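A.B. asks: The structure follows.
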2 protein chains.
Amino acid sequence: MDLKQLRYFDAVAETCHFSQAAERLHVAQPALSQAIRRLEAELGVLLFTRTTRQVQLTPAGEFFHRETRRILGDLEASVLGAQSIAHGRRGLLRVGFTGTSAFTQLARLSRMVRAALPGVVLEVQADLLTPAQVERLLDGRLDLGVLRGPVVEPGIETRTLTREPLVVALPADHRLVPEPALDVVDLAAEEFVGYADARSAVNEAVVATCRRAGFSPTVTHRAPGTAALLALVAANLGVALVPESVRSMQLTGVVFRDVLDPTTIDLSLAWPAGHASPLVSAALDVLEREGFYDLNPA
Amino acid sequence: MDLKQLRYFDAVAETCHFSQAAERLHVAQPALSQAIRRLEAELGVLLFTRTTRQVQLTPAGEFFHRETRRILGDLEASVLGAQSIAHGRRGLLRVGFTGTSAFTQLARLSRMVRAALPGVVLEVQADLLTPAQVERLLDGRLDLGVLRGPVVEPGIETRTLTREPLVVALPADHRLVPEPALDVVDLAAEEFVGYADARSAVNEAVVATCRRAGFSPTVTHRAPGTAALLALVAANLGVALVPESVRSMQLTGVVFRDVLDPTTIDLSLAWPAGHASPLVSAALDVLEREGFYDLNPA
DNA sequence: CCTGATTGATAATCTGCTGTTATGAATCAG
DNA sequence: CTGATTCATAACAGCAGATTATCAATCAGG
């Protein structure tokens with residue numbers, strides 16, 4: 001059996017006329033007669049009753065016609081589907097976010113992707129620290145990552161989204177609240193609330209900032225995420241240095257203050273270098289076109 | 001695109017190994033490489049990533065594999081379906097019954113057909129008089145008929161099922177009830193209840209019976225079916241001559257009595273002669289084998 | 001690090017399927 | 001009865017696709 005035979009059969013079944021079907025298929029009429037005959041021989045089923053004047057589907061032929069029409073349609077659809085996947089217009093895009101970036105970037109990214117690539121399903125993995133995202137990008141569990149960067153890992157390409165200064169989160173009744181802006185040195189004697197994971201890029205930036213100011217921070221309490229971290233600050237258990245975008249997370253009992261000459265920390269988009277999958281390429285194109293990178297560093 | 005290409009693709013996708021797939025397909029390995037390459041070129045989609053040591057499906061290839069496997073399965077199923085229809089193992093069998101025959105024959109026939117041909121759907125057209133069944137058998141609206149016969153119409157073949165004598169249906173308080181058996185002449189003065197349709201084969205047999213006994217029946221009331229006819233008899237509106245199988249239809253107020261030297265009336269199975277459809281042939285085979293015709297004329 | 005084994009790709013060749021043209025046979029209309 | 005229509009058959013030709021032979025790349029084991 002052969003797809004061509006099925007297409008021929010389909011045409012003859014629709015017209016019930018060998019010559020007309022032949023014309024429609026751009027072949028000579030004997031080719032059709034032969035092809036249908038071969039098909040019937042292979043199936044062991046008479047598909048048409050034909051005289052020299054009239055061609056008619058048998059019940060078996062009628063059934064087979066309905067089936068083949070559906071099957072040919074399905075085949076065509078599956079070709080289109082495969083092409084969609086190959087061109088990145090369809091598939092599963094797994095995007096990772098760091099704890100603080102999900103709030104600001106997730107909505108922008110998903111809006112742009114869904115509008116331009118309606119066939120793409122987004123799978124969000126939130127609250128992934130930068131090293132975890134890098135690992136998953138490298139072993140293929142993740143397609144895109146919004147993370148603290150820039151990443152210098154080979155095999156990962158990144159592009160900077162925003163450069164944020166660190167700001168201080170203080171308990172509302174802290175002695176430094178009246179100051180409009182603080183010097184990091186002012187915090188030397190404070191107890192700090194940090195992120196639980198030692199590999200957190202924010203943690204590293206905090207340590208670097210303090211060291212630059214000449215002291216090593218005393219991290220007394222540790223939180224598994226930004227919400228918990230702010231809650232600890234609100235509970236008066238310490239102060240914290242966080243990226244400025246955390247300000248969008250309002251929490252009573254916590255106030256933010258700028259830092260003089262602050263360390264900055266980048267937020268970047270990262271993806272596996274080299275063998276970029278069509279999905280990732282398409283998504284990157286969309287984000288470029290839609291201005292995902294055009295952020296005023298807040 | 002070609003079914004062979006799809007089968008080749010399927011084999012390679014399952015094994016992820018060109019040489020092994022080639023062996024399984026009983027072709028040389030280069031044929032596979034070429035075929036897959038052609039398929040990819042036609043779709044414009046890379047289906048495999050391959051090095052000399054490793055073959056792997058792309059996401060598009062994975063999708064296409066799922067689809068083609070389903071499609072190839074559907075195609076195979078539809079071939080089997082068409083063959084089932086062609087061999088009469090599947091389809092719609094439309095069977096007609098006369099008013100009185102449905103009760104006794106419908107259950108037997110449907111039991112035999114359903115047991116031997118589970119793929120066949122029965123469509124019962126009951127209460128069809130013999131001429132109506134003949135007409136429908138000839139123009140293709142009916143495949144089989146259980147009717148009063150034998151039919152001499154060309155284009156119809158029949159086989160006798162039972163030969164029934166006519167019996168008398170009397171009102172329970174009729175003067176003749178005490179007699180164990182009646183002579184038809186005894187009914188010469190009675191009013192008769194007949195079937196409404198003048199072409200009814202039973203009607204004709206009744207008239208013939210009476211004429212043989214030397215009188216013409218006075219048919220005062222007419223019923224559209226056997227139940228109504230017996231109801232009229234029960235209501236004391238007349239007597240009726242009916243086939244003996246009607247006795248199986250008990251109705252208070254009606255008693256049956258044998259007729260001496262009765263006219264007999266045949267019940268036959270009828271079907272279109274000549275171009276017997278596979279379904280009808282298969283059904284006739286089954287009925288033959290299962291003893292549908294082995295009835296003791298009651 | 002080298003060598004042989006494995007595996008997919010490529011080149012050249014050939015077989016046979018399938019389409020074409022020419023023609024026949026059967027049916028229908030006028 | 002005759003011409004037109006339509007499907008089937010026969011003979012032939014062209015090319016798609018299979019085969020064999022060979023190459024190139026990768027990996028395993030000593």
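Starting from 1 in every chain, residues are counted up; chains themselves are A, B, ... following the order of the structure tokens, and ligands are numbered from 1 as listed.
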Determine which residues of stretch 43-264 of chain A receive a DSSP assignment of helix (DSSP H, G or I), computed from the backbone, and state them as a PyMOL selection string.
C.D. replies: chain A and resi 43+59-86+101-116+130-139+184-187+201-212+226-234+244-248
A.B. asks: Once the least-squares fit of chain B onto chain A is done over all Cα atoms matched in order, how many Å of RMSD are left?
C.D. replies: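 The C-alpha RMSD comes out at 0.2 Å.
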A.B. asks: Show me, as a list in words, the residues of chain B whose atoms get within 9 Å of chain C, using only C-alpha atoms (C1' of nucleotides) for the distance check.
C.D. replies: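 Selected residues: His17, Phe18, Ser19, Gln29, Pro30, Ser33, Arg50, Thr51, Thr52, Arg53 and Gln54 of chain B.
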A.B. asks: Generate the output file for the selected residues, N, CA and C atoms, as an mmCIF file, in the first residue's frame.
C.D. replies:
```cif
data_model
loop_
_atom_site.group_PDB
_atom_site.id
_atom_site.type_symbol
_atom_site.label_atom_id
_atom_site.label_comp_id
_atom_site.auth_asym_id
_atom_site.auth_seq_id
_atom_site.Cartn_x
_atom_site.Cartn_y
_atom_site.Cartn_z
ATOM 1 N N HIS B 17 18.421 3.527 15.831
ATOM 2 C CA HIS B 17 19.588 2.812 15.333
ATOM 3 C C HIS B 17 19.314 2.420 13.879
ATOM 4 N N PHE B 18 20.025 3.053 12.959
ATOM 5 C CA PHE B 18 19.749 2.826 11.542
ATOM 6 C C PHE B 18 20.001 1.378 11.142
ATOM 7 N N SER B 19 21.126 0.834 11.556
ATOM 8 C CA SER B 19 21.469 -0.522 11.115
ATOM 9 C C SER B 19 20.476 -1.545 11.647
ATOM 10 N N GLN B 29 21.090 -0.766 4.963
ATOM 11 C CA GLN B 29 21.143 0.446 5.779
ATOM 12 C C GLN B 29 21.132 1.740 4.962
ATOM 13 N N PRO B 30 21.850 1.810 3.842
ATOM 14 C CA PRO B 30 21.806 3.082 3.093
ATOM 15 C C PRO B 30 20.403 3.458 2.637
ATOM 16 N N SER B 33 18.947 5.439 5.428
ATOM 17 C CA SER B 33 19.524 6.780 5.522
ATOM 18 C C SER B 33 18.931 7.693 4.459
ATOM 19 N N ARG B 50 21.926 13.068 14.547
ATOM 20 C CA ARG B 50 22.707 11.854 14.443
ATOM 21 C C ARG B 50 24.193 12.156 14.310
ATOM 22 N N THR B 51 24.952 11.451 15.079
ATOM 23 C CA THR B 51 26.389 11.404 14.868
ATOM 24 C C THR B 51 26.643 9.989 14.339
ATOM 25 N N THR B 52 27.892 9.668 14.132
ATOM 26 C CA THR B 52 28.141 8.305 13.668
ATOM 27 C C THR B 52 27.914 7.297 14.786
ATOM 28 N N ARG B 53 27.806 7.788 16.006
ATOM 29 C CA ARG B 53 27.668 6.858 17.131
ATOM 30 C C ARG B 53 26.311 6.920 17.807
ATOM 31 N N GLN B 54 25.541 7.946 17.543
ATOM 32 C CA GLN B 54 24.301 8.079 18.304
ATOM 33 C C GLN B 54 23.206 8.711 17.456
#
```
A.B. asks: Skip A:Val151 itself and residues of its chain fewer than 2 positions away, then list as a PyMOL selection string all residues within 9 Å of it, counting only C-alpha atoms (C1' of nucleotides).
C.D. replies: chain A and resi 130+134+147-149+153-154+156-158+268+270
A.B. asks: Leaving out stretch 228-237 of chain A and any residue of its chain fewer than 2 positions from it, which residues lie within 10 Å of it when counting only C-alpha atoms (C1' of nucleotides), given as a ChimeraX atom specification?
C.D. replies: /A:169-174,190-196,220-226,239-240,242,246,249-255
A.B. asks: Set out as a tab-separated table a contact list for chain A and chain B with a cut-off of 6 Å, giving each residue of chain A that qualifies its closest atom pair and distance in Å to one decimal, counting only C-alpha atoms, ordered by chain and rising residue number.
C.D. replies:
```
residue	atom	partner	partner_atom	distance
A:Asp2	CA	B:Leu3	CA	5.4
A:Leu3	CA	B:Leu3	CA	5.4
A:Ala60	CA	B:Ala82	CA	4.8
A:Phe64	CA	B:Ala82	CA	5.8
A:Ala82	CA	B:Ala60	CA	4.8
A:Ile85	CA	B:Ala60	CA	5.2
A:Ala86	CA	B:Ala60	CA	5.5
```
A.B. asks: Kindly export the residues of the current selection with C-alpha atoms, as an mmCIF file, in the first residue's frame.
C.D. replies:
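Output below, filename selection_12.cif:
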```
data_model
loop_
_atom_site.group_PDB
_atom_site.id
_atom_site.type_symbol
_atom_site.label_atom_id
_atom_site.label_comp_id
_atom_site.auth_asym_id
_atom_site.auth_seq_id
_atom_site.Cartn_x
_atom_site.Cartn_y
_atom_site.Cartn_z
ATOM 1 C CA ASP A 2 1.109 3.496 -0.773
ATOM 2 C CA LEU A 3 -0.001 6.976 0.195
ATOM 3 C CA ALA A 60 -16.559 -1.473 2.143
ATOM 4 C CA PHE A 64 -12.583 2.903 3.598
ATOM 5 C CA ALA A 82 6.062 18.758 13.415
ATOM 6 C CA ILE A 85 7.698 22.330 16.704
ATOM 7 C CA ALA A 86 10.746 22.496 14.470
#
```
A.B. asks: Compute the set of chain D residues within 9 Å of chain A, using only C-alpha atoms (C1' of nucleotides), and express it as a tab-separated table (two decimals) with N, CA and C atoms (P, O5', C5', C4', C3', O3' and C1' of nucleotides), in the first residue's frame.
C.D. replies:
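File out.tsv, as written:
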```tsv
chain	number	residue	atom	x	y	z
D	5	DT	P	-18.29	12.86	-26.26
D	5	DT	O5'	-18.32	11.86	-25.00
D	5	DT	C5'	-19.59	11.46	-24.47
D	5	DT	C4'	-19.38	10.30	-23.52
D	5	DT	C3'	-18.17	10.42	-22.60
D	5	DT	O3'	-18.60	10.21	-21.27
D	5	DT	C1'	-18.21	8.30	-23.64
D	6	DT	P	-17.66	10.66	-20.04
D	6	DT	O5'	-17.12	9.26	-19.54
D	6	DT	C5'	-18.05	8.21	-19.29
D	6	DT	C4'	-17.31	6.91	-19.10
D	6	DT	C3'	-15.97	7.03	-18.37
D	6	DT	O3'	-15.92	6.07	-17.34
D	6	DT	C1'	-15.73	5.76	-20.31
D	7	DC	P	-14.94	6.32	-16.07
D	7	DC	O5'	-14.34	4.86	-15.88
D	7	DC	C5'	-15.24	3.76	-15.79
D	7	DC	C4'	-14.60	2.54	-16.42
D	7	DC	C3'	-13.24	2.17	-15.83
D	7	DC	O3'	-13.26	0.82	-15.38
D	7	DC	C1'	-13.16	2.20	-18.20
D	8	DA	P	-11.91	0.11	-14.84
D	8	DA	O5'	-11.41	-0.70	-16.12
D	8	DA	C5'	-12.28	-1.63	-16.74
D	8	DA	C4'	-11.52	-2.51	-17.72
D	8	DA	C3'	-10.21	-3.09	-17.21
D	8	DA	O3'	-10.09	-4.43	-17.69
D	8	DA	C1'	-9.78	-1.73	-19.11
```
A.B. asks: Rounded to one decimal, what separation in Å do you get between atom CA of A:Phe97 and atom CA of A:Gly274?
C.D. replies: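 Result for atom CA of A:Phe97 versus atom CA of A:Gly274: 21.7 Å, one decimal.
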A.B. asks: To one decimal place, how far is atom CA of A:Arg247 from atom CA of A:Leu284 in Å?
C.D. replies: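 Separation between atom CA of A:Arg247 and atom CA of A:Leu284: 28.0 Å.
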A.B. asks: What's the separation between atom CA of A:Pro150 and atom CA of A:Arg211, in Å to one decimal place?
C.D. replies: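 So the answer is 20.6 Å.
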A.B. asks: So that I can check the secondary structure, give me every residue of stretch 245-298 of chain B assigned strand (DSSP E) by backbone DSSP, as a list in words.
C.D. replies: Val254, Val255, Phe256, Arg257, Asp258, Val259, Thr264, Ile265, Asp266, Leu267, Ser268, Leu269, Ala270, Trp271 and Pro272 of chain B
A.B. asks: Any chance you can output those residues with C-alpha atoms as a short mmCIF file (atom, residue, chain, number, x, y, z; two decimals), in the first residue's frame?
C.D. replies:
```
data_model
loop_
_atom_site.label_atom_id
_atom_site.label_comp_id
_atom_site.auth_asym_id
_atom_site.auth_seq_id
_atom_site.Cartn_x
_atom_site.Cartn_y
_atom_site.Cartn_z
CA VAL B 254 -60.53 -14.79 22.31
CA VAL B 255 -60.34 -18.55 21.82
CA PHE B 256 -58.79 -20.42 18.90
CA ARG B 257 -60.17 -23.47 17.20
CA ASP B 258 -58.60 -25.72 14.55
CA VAL B 259 -60.11 -25.84 11.09
CA THR B 264 -51.98 -23.54 4.84
CA ILE B 265 -49.95 -20.39 4.56
CA ASP B 266 -46.16 -20.33 4.30
CA LEU B 267 -43.74 -18.19 6.25
CA SER B 268 -40.57 -17.66 4.21
CA LEU B 269 -37.24 -15.93 4.35
CA ALA B 270 -36.67 -13.75 1.29
CA TRP B 271 -33.67 -11.86 -0.08
CA PRO B 272 -32.64 -10.13 -3.30
#
```
